[in-house]
Amino acid sequence: MTTEATVENLTGQLSAYLDENRINQVRRAYYYAEQAHEGQMRKSGDRYITHPLAVARILAEMKLDHQSLMAAMLHDVIEDTGIPKDALSEQFGEAVAELVDGVSKLTQIEFRSRAEAQAENFQKMTLAMARDIRVILVKLADRLHNMRTLGPMPYEKRQRIATETLDIYAPIANRLGMHAICTELEDLGFKSLYPMRSKYISKAVTKLRGSHRDVIDDIRNKLEDKLRERGLPGRIQGREKHLNSIYNKMKYKQKSFHEIMDVYAFRIITESEDDCYRILGAVHSIYKPLPGRFKDYIAMPKANGYQSLHTTLFGMHVNIEIQIRTEEMEQIANNGIAAHWMYKNDADPVTSDHQSRVDRWVQGLMEMRERADDSLEFIEHVKVDLFPDEIYVFTPKGKIMELPRGATPVDFAYAIHTDIGNACVACRINRNLGSLSQPLQSGQTVEIITAPGARPNPAWLSFVTTGKARSSIRHTLKHLQRTESLELGKTLLKKSLKGFGTRLSDLTGEQINAVVKHNQVTSFDDLIADIGLGKRMAYLVARQLVSDTHAQGDASAQALDATPQQEGQRSPVTIRGTEGLLVSFASCCKPIPGDPVVGVMDSGKGMVIHSDTCSRLPDDREGRASLTHLKWAKDITDEFSVELRVEFERQRGVIAEMANAVAMADGNIERISVDEQNARFGVVTLVVHVNGRRHLARVMRRVKNVRAVTHIHRVRY
Ligand code: MN
């Protein structure tokens, strides 16, 4: 049959449940895909378009909506022909383009490590990535057709696809209650992976079936007679055991082939729920039910929405398994979530009974996440986000990590190990540098870049979402803060002691203990840390310590006598360029190395470094005395930002010239903004990174040399 004939065939099938307009849209998607795939062939030698067409047919059998069918036609277009998503959305609308894009993304995930422990996470990741459940339905149909036509593929590829099908896609179909697709995928996967075993079991089944023919017919006749006698509607089907399930039972349940096959399975499909229970009574009157084997999945449906009555009878020296269900339950058992669209497309309006069953069905899916969550609601029925709260991402080695939605690379780093989190400085997302604060998406591969000596940034607390990251960052910062405050406190105390002409090492244990006691702290370290944190003044603590050398008892009475010597008090503390938790640079005056600076102790926050001419500094005598004199270390290499105001005559290219001048002086521009401008003059603010005053002078000279620049000065507030 030509593909044109097949597409007409398909549209004929669609006319049973779609209107003409929608059928035309599906047809249009077909012709578009046909043209896009023109010249491409499948391994079998067929034209490529036969594949999407077959995928659409599978979905049409499940009576899926026209958008799913269009997406099926177009599902390989983005991936295989390079037509962008935008083009599809222009042609067929946003919804269809989204579906196609979703399917392409699933196709792109590499199922690298197929360790069994990971299979479940892969399944969840797949579901989480899909967002719209129809993406999964198209993907499952795609996979089903590929499995049906696996033959011409090279051995390796066949094995890989079959394994992936058994590990990922068949279980997904099962979770979605799509029994028919699930068993077909399993059987096809089993046949490809184990051709010999499959052949052997299949032969044995055929042979056994022949020899059991009489028994089967006998049971079937008895059941049929009984239904007729009681006037109960119902058709009886014999059920075949699937090769894959026979094999699994032999392998995992250690049963022999004959033990498994010694069960005769039937299904009775009837009209109403009520009939189900009547039929149950009827079959129990023919054969004795085995105790403990009756299950009422009508009253208590399975998590995936499955409903049926199950019973096992003992008769004719064999066990007889019977399933009893209505037509509708049969549809749901076979097609699972897809059955929803089937009913939705019926002429009848969706009944509230049906609605609540769908809700229950999805609720059941939610339960498999092993987490109570009632917050889930449908926006529309077609948009079902199965895992609204989770994302799944890969480590560089292909391990899958589950994180809450909104988690960032920092959360990821802490989820791997606290040390990785603490030392993380940057990240790669799908091999490109990414920002540490950007929320991750399912399917991404995340690599954390660490640096020795790196420390967590307090700003991370504003975007991390996991408890582990939050508590680790807090804990580490607290620990670091303690270390830093001890260090800073000790430096300040030493300096103050020097002013009193003594040294920390000269103090006796008694002196220290007395002061610790006097201040009601538990240890000398706590006292020192308090100084570092700015909660106590080093000068006062030093005075108490020194007073104690003169007399025991009331330290404060003696304190006034001890006057610090000027030069000791003025000898500056050396600061290095780096900001820590307790040392920060004032944003008002933005000091840079070379500027005369002083430190202001801010209670609980540590020391803020200001330029000593800053207008924010206290100007009364007492206030000035509380400042800590500082000097810069000699070997600072960090960069500091300064703000420059540049006035210039307007002419073409002047801003570019300025930027160039800054670069020529090895300065980095953080920001340029135009503040004022008229026909003749302009003013810009330049924020530049420099490593000190000399560097700044060089930058300013260069900018000043730009001919149009009339004035430049450093801005401080
Ligand atoms: Mn495909």
# chains A, B, ... in the order shown; residues from 1 in each chain; ligands from 1

call {"tool": "residues_near_ligand", "arguments": {"ligand": "ligand 1", "cutoff": "12 Å", "atoms": "only C-alpha atoms and all ligand atoms", "output": "VMD selection string"}}
result
chain A and resid 33 37 42 48 to 56 71 to 80 100 103 to 104 106 to 108 138 to 147 149

call {"tool": "residues_around", "arguments": {"residues": "segment 698-704 of chain A", "least_positions_apart": "4", "cutoff": "6 Å", "atoms": "only C-alpha atoms", "output": "PDB file with all heavy atoms, in the first residue's frame"}}
result
ATOM      1  N   MET A 658      36.235  56.124  25.441  1.00  0.00           N
ATOM      2  CA  MET A 658      36.464  56.046  26.888  1.00  0.00           C
ATOM      3  C   MET A 658      36.658  54.599  27.327  1.00  0.00           C
ATOM      4  O   MET A 658      37.562  54.276  28.098  1.00  0.00           O
ATOM      5  CB  MET A 658      35.234  56.577  27.639  1.00  0.00           C
ATOM      6  CG  MET A 658      35.173  58.054  27.758  1.00  0.00           C
ATOM      7  SD  MET A 658      33.715  58.390  28.770  1.00  0.00           S
ATOM      8  CE  MET A 658      32.960  59.645  27.801  1.00  0.00           C
ATOM      9  N   ALA A 661      39.950  53.515  26.442  1.00  0.00           N
ATOM     10  CA  ALA A 661      40.976  54.100  27.305  1.00  0.00           C
ATOM     11  C   ALA A 661      41.088  53.307  28.611  1.00  0.00           C
ATOM     12  O   ALA A 661      42.188  53.031  29.092  1.00  0.00           O
ATOM     13  CB  ALA A 661      40.626  55.557  27.590  1.00  0.00           C
ATOM     14  N   VAL A 662      39.944  52.904  29.173  1.00  0.00           N
ATOM     15  CA  VAL A 662      39.948  52.122  30.414  1.00  0.00           C
ATOM     16  C   VAL A 662      40.645  50.785  30.176  1.00  0.00           C
ATOM     17  O   VAL A 662      41.500  50.360  30.962  1.00  0.00           O
ATOM     18  CB  VAL A 662      38.507  51.890  30.930  1.00  0.00           C
ATOM     19  CG1 VAL A 662      38.513  50.921  32.114  1.00  0.00           C
ATOM     20  CG2 VAL A 662      37.857  53.207  31.326  1.00  0.00           C
ATOM     21  N   ALA A 665      44.349  50.894  30.047  1.00  0.00           N
ATOM     22  CA  ALA A 665      44.995  51.017  31.352  1.00  0.00           C
ATOM     23  C   ALA A 665      44.755  49.765  32.201  1.00  0.00           C
ATOM     24  O   ALA A 665      44.892  49.814  33.419  1.00  0.00           O
ATOM     25  CB  ALA A 665      44.477  52.261  32.060  1.00  0.00           C
ATOM     26  N   VAL A 709      36.780  64.505  26.451  1.00  0.00           N
ATOM     27  CA  VAL A 709      36.522  64.515  27.894  1.00  0.00           C
ATOM     28  C   VAL A 709      37.014  65.818  28.509  1.00  0.00           C
ATOM     29  O   VAL A 709      38.149  66.234  28.311  1.00  0.00           O
ATOM     30  CB  VAL A 709      37.203  63.308  28.577  1.00  0.00           C
ATOM     31  CG1 VAL A 709      37.139  63.441  30.100  1.00  0.00           C
ATOM     32  CG2 VAL A 709      36.540  62.025  28.121  1.00  0.00           C
TER      33      VAL A 709
END

call {"tool": "residues_around", "arguments": {"residues": "Thr408 of chain A", "least_positions_apart": "3", "cutoff": "12 Å", "atoms": "only C-alpha atoms", "output": "JSON, numbers by chain"}}
result
{"A": [391, 392, 393, 403, 404, 405, 411, 412, 413, 414, 415, 421, 426, 427, 428, 429, 434, 435, 436, 437, 438, 439, 440, 441, 442, 444, 446, 447, 448, 460, 461, 462, 463, 464, 465, 466, 469, 470]}

call {"tool": "write_last_selection", "arguments": {"atoms": "N, CA and C atoms", "output": "short mmCIF file (atom, residue, chain, number, x, y, z; two decimals), in the first residue's frame"}}
result
data_model
loop_
_atom_site.label_atom_id
_atom_site.label_comp_id
_atom_site.auth_asym_id
_atom_site.auth_seq_id
_atom_site.Cartn_x
_atom_site.Cartn_y
_atom_site.Cartn_z
N ILE A 391 12.38 17.54 40.16
CA ILE A 391 13.11 17.51 38.90
C ILE A 391 14.17 16.42 39.02
N TYR A 392 14.62 15.95 37.87
CA TYR A 392 15.63 14.91 37.84
C TYR A 392 16.76 15.35 36.94
N VAL A 393 17.96 15.39 37.49
CA VAL A 393 19.10 15.82 36.68
C VAL A 393 20.24 14.80 36.79
N LEU A 403 15.68 16.20 42.84
CA LEU A 403 15.70 17.43 43.62
C LEU A 403 14.32 18.06 43.57
N PRO A 404 14.00 18.91 44.54
CA PRO A 404 12.71 19.60 44.45
C PRO A 404 12.73 20.59 43.29
N ARG A 405 11.57 20.84 42.72
CA ARG A 405 11.50 21.81 41.63
C ARG A 405 11.99 23.17 42.14
N ASP A 411 22.06 23.76 45.29
CA ASP A 411 21.34 22.66 45.95
C ASP A 411 21.89 21.32 45.48
N PHE A 412 22.11 21.26 44.17
CA PHE A 412 22.66 20.04 43.57
C PHE A 412 24.02 19.70 44.20
N ALA A 413 24.88 20.74 44.33
CA ALA A 413 26.22 20.53 44.88
C ALA A 413 26.13 19.99 46.31
N TYR A 414 25.25 20.57 47.11
CA TYR A 414 25.11 20.09 48.49
C TYR A 414 24.47 18.71 48.53
N ALA A 415 23.62 18.42 47.56
CA ALA A 415 23.00 17.09 47.53
C ALA A 415 24.05 16.02 47.27
N GLY A 421 29.45 21.30 48.04
CA GLY A 421 28.66 22.51 48.18
C GLY A 421 29.50 23.66 48.72
N ALA A 426 31.40 27.59 40.63
CA ALA A 426 30.75 27.78 39.33
C ALA A 426 30.15 26.45 38.92
N CYS A 427 29.44 26.45 37.81
CA CYS A 427 28.87 25.18 37.35
C CYS A 427 28.74 25.16 35.84
N ARG A 428 28.69 23.95 35.32
CA ARG A 428 28.37 23.78 33.91
C ARG A 428 27.04 23.07 33.82
N ILE A 429 26.17 23.56 32.94
CA ILE A 429 24.89 22.92 32.71
C ILE A 429 24.88 22.49 31.26
N GLY A 434 27.10 27.91 33.59
CA GLY A 434 25.78 28.39 33.98
C GLY A 434 25.87 29.16 35.27
N SER A 435 24.77 29.76 35.65
CA SER A 435 24.77 30.52 36.90
C SER A 435 24.38 29.61 38.05
N LEU A 436 25.00 29.85 39.21
CA LEU A 436 24.74 29.00 40.37
C LEU A 436 23.32 29.17 40.90
N SER A 437 22.69 30.28 40.54
CA SER A 437 21.37 30.52 41.12
C SER A 437 20.22 30.13 40.19
N GLN A 438 20.54 29.67 38.97
CA GLN A 438 19.43 29.43 38.04
C GLN A 438 18.76 28.09 38.32
N PRO A 439 17.43 28.07 38.38
CA PRO A 439 16.75 26.81 38.68
C PRO A 439 17.04 25.76 37.60
N LEU A 440 17.26 24.53 38.03
CA LEU A 440 17.59 23.46 37.10
C LEU A 440 16.32 22.88 36.48
N GLN A 441 16.51 22.25 35.31
CA GLN A 441 15.39 21.59 34.62
C GLN A 441 15.68 20.11 34.52
N SER A 442 14.61 19.32 34.53
CA SER A 442 14.79 17.88 34.37
C SER A 442 15.55 17.56 33.11
N GLN A 444 18.77 17.85 32.57
CA GLN A 444 20.05 18.53 32.40
C GLN A 444 21.18 17.74 33.06
N VAL A 446 24.52 18.31 35.14
CA VAL A 446 25.07 19.40 35.94
C VAL A 446 26.44 19.02 36.47
N GLU A 447 27.40 19.89 36.25
CA GLU A 447 28.74 19.65 36.76
C GLU A 447 29.13 20.82 37.64
N ILE A 448 29.62 20.51 38.83
CA ILE A 448 29.98 21.57 39.77
C ILE A 448 31.48 21.80 39.73
N TRP A 460 23.78 32.90 48.84
CA TRP A 460 23.14 31.66 48.39
C TRP A 460 21.85 31.37 49.15
N LEU A 461 21.85 31.81 50.42
CA LEU A 461 20.67 31.53 51.23
C LEU A 461 19.41 32.12 50.62
N SER A 462 19.57 33.12 49.75
CA SER A 462 18.37 33.73 49.19
C SER A 462 17.79 32.92 48.04
N PHE A 463 18.53 31.95 47.50
CA PHE A 463 17.94 31.19 46.40
C PHE A 463 17.92 29.67 46.56
N VAL A 464 18.66 29.11 47.52
CA VAL A 464 18.62 27.64 47.63
C VAL A 464 17.24 27.19 48.09
N THR A 465 16.86 25.98 47.67
CA THR A 465 15.52 25.50 48.04
C THR A 465 15.56 24.26 48.93
N THR A 466 16.68 23.56 48.97
CA THR A 466 16.68 22.35 49.77
C THR A 466 17.13 22.65 51.20
N ALA A 469 20.96 22.08 51.74
CA ALA A 469 21.84 23.18 51.34
C ALA A 469 21.75 24.31 52.36
N ARG A 470 20.51 24.65 52.71
CA ARG A 470 20.30 25.76 53.64
C ARG A 470 21.03 25.52 54.97
#

call {"tool": "closest_residue", "arguments": {"among": "A:Leu488, A:Ile575, A:Leu581, A:Leu176", "to": "Pro456 of chain A", "atoms": "only C-alpha atoms"}}
result
A:Leu581

call {"tool": "residues_around", "arguments": {"residues": "Ala282 of chain A", "least_positions_apart": "6", "cutoff": "9 Å", "atoms": "only C-alpha atoms", "output": "ChimeraX atom specification"}}
result
/A:223,226-227,230

call {"tool": "write_last_selection", "arguments": {"atoms": "C-alpha atoms", "output": "mmCIF file, in the first residue's frame"}}
result
data_model
loop_
_atom_site.group_PDB
_atom_site.id
_atom_site.type_symbol
_atom_site.label_atom_id
_atom_site.label_comp_id
_atom_site.auth_asym_id
_atom_site.auth_seq_id
_atom_site.Cartn_x
_atom_site.Cartn_y
_atom_site.Cartn_z
ATOM 1 C CA LEU A 223 -19.063 -20.733 32.056
ATOM 2 C CA LYS A 226 -24.075 -20.645 33.448
ATOM 3 C CA LEU A 227 -24.288 -17.069 32.234
ATOM 4 C CA ARG A 230 -28.894 -16.820 34.774
#

call {"tool": "residues_around", "arguments": {"residues": "Ile655 of chain A", "least_positions_apart": "2", "cutoff": "10 Å", "atoms": "only C-alpha atoms", "output": "list in words"}}
result
Phe648, Arg650, Gln651, Arg652, Gly653, Glu657, Met658, Ala659, Asn660, Ala661, Ile672, Ser673, Val674, Val684, Val706, Ala708 and Val709 of chain A

call {"tool": "write_last_selection", "arguments": {"atoms": "N, CA, C and O atoms", "output": "compact mmCIF listing (two decimals), in the first residue's frame"}}
result
# COMPACT_ATOMS: atom_id res chain seq x y z
N PHE A 648 31.84 65.30 29.22
CA PHE A 648 32.48 65.34 27.90
C PHE A 648 31.65 66.15 26.91
O PHE A 648 30.46 66.39 27.12
N ARG A 650 29.86 66.29 23.39
CA ARG A 650 29.29 65.21 22.60
C ARG A 650 29.91 65.13 21.21
O ARG A 650 30.01 66.10 20.49
N GLN A 651 30.35 63.98 20.88
CA GLN A 651 30.75 63.72 19.49
C GLN A 651 30.71 62.20 19.25
O GLN A 651 30.67 61.42 20.20
N ARG A 652 30.70 61.84 18.03
CA ARG A 652 30.52 60.44 17.66
C ARG A 652 31.61 59.54 18.25
O ARG A 652 32.79 59.88 18.20
N GLY A 653 31.21 58.46 18.86
CA GLY A 653 32.18 57.45 19.29
C GLY A 653 32.91 57.75 20.57
O GLY A 653 33.82 57.02 20.97
N GLU A 657 35.45 55.36 22.89
CA GLU A 657 36.83 55.80 23.12
C GLU A 657 37.19 55.72 24.60
O GLU A 657 38.28 55.29 24.97
N MET A 658 36.23 56.12 25.44
CA MET A 658 36.46 56.05 26.89
C MET A 658 36.66 54.60 27.33
O MET A 658 37.56 54.28 28.10
N ALA A 659 35.79 53.75 26.81
CA ALA A 659 35.86 52.33 27.18
C ALA A 659 37.21 51.77 26.77
O ALA A 659 37.86 51.03 27.51
N ASN A 660 37.65 52.19 25.62
CA ASN A 660 38.94 51.75 25.11
C ASN A 660 40.07 52.25 26.00
O ASN A 660 41.00 51.51 26.32
N ALA A 661 39.95 53.52 26.44
CA ALA A 661 40.98 54.10 27.31
C ALA A 661 41.09 53.31 28.61
O ALA A 661 42.19 53.03 29.09
N ILE A 672 28.63 51.18 32.42
CA ILE A 672 28.66 52.57 31.95
C ILE A 672 27.22 53.02 31.87
O ILE A 672 26.38 52.31 31.31
N SER A 673 26.88 54.15 32.44
CA SER A 673 25.52 54.64 32.23
C SER A 673 25.55 56.13 31.93
O SER A 673 26.35 56.88 32.48
N VAL A 674 24.67 56.50 31.03
CA VAL A 674 24.62 57.90 30.64
C VAL A 674 23.68 58.61 31.60
O VAL A 674 22.54 58.22 31.77
N VAL A 684 28.66 60.72 31.94
CA VAL A 684 28.44 59.29 32.16
C VAL A 684 29.03 58.88 33.51
O VAL A 684 29.95 59.53 34.02
N VAL A 706 41.28 61.33 26.55
CA VAL A 706 40.34 61.30 25.43
C VAL A 706 39.96 62.75 25.14
O VAL A 706 39.59 63.48 26.06
N ALA A 708 37.59 64.53 23.84
CA ALA A 708 36.30 65.14 24.13
C ALA A 708 36.02 65.25 25.63
O ALA A 708 35.14 65.98 26.06
N VAL A 709 36.78 64.50 26.45
CA VAL A 709 36.52 64.51 27.89
C VAL A 709 37.01 65.82 28.51
O VAL A 709 38.15 66.23 28.31

call {"tool": "atom_distance", "arguments": {"atom1": "atom CA of Asn513 of chain A", "atom2": "atom CA of Met537 of chain A"}}
result
18.2 Å

call {"tool": "residues_around", "arguments": {"residues": "Ser68 of chain A", "least_positions_apart": "4", "cutoff": "8 Å", "atoms": "only C-alpha atoms", "output": "list in words"}}
result
Leu59, Leu64, Ala72, Val96, Leu99, Arg134, Val135 and Val138 of chain A

call {"tool": "residues_around", "arguments": {"residues": "segment 666-668 of chain A", "least_positions_apart": "3", "cutoff": "8 Å", "atoms": "only C-alpha atoms", "output": "ChimeraX atom specification"}}
result
/A:662-663,688-690,695,699

call {"tool": "select_by_dssp", "arguments": {"residues": "segment 111-280 of chain A", "states": "helix (DSSP H, G or I)", "output": "VMD selection string"}}
result
chain A and resid 116 to 130 133 to 148 155 to 175 179 to 193 195 to 230 243 to 252 257 to 261 273 to 280

call {"tool": "atom_distance", "arguments": {"atom1": "atom CA of Pro591 of chain A", "atom2": "atom CA of Leu480 of chain A"}}
result
24.6 Å
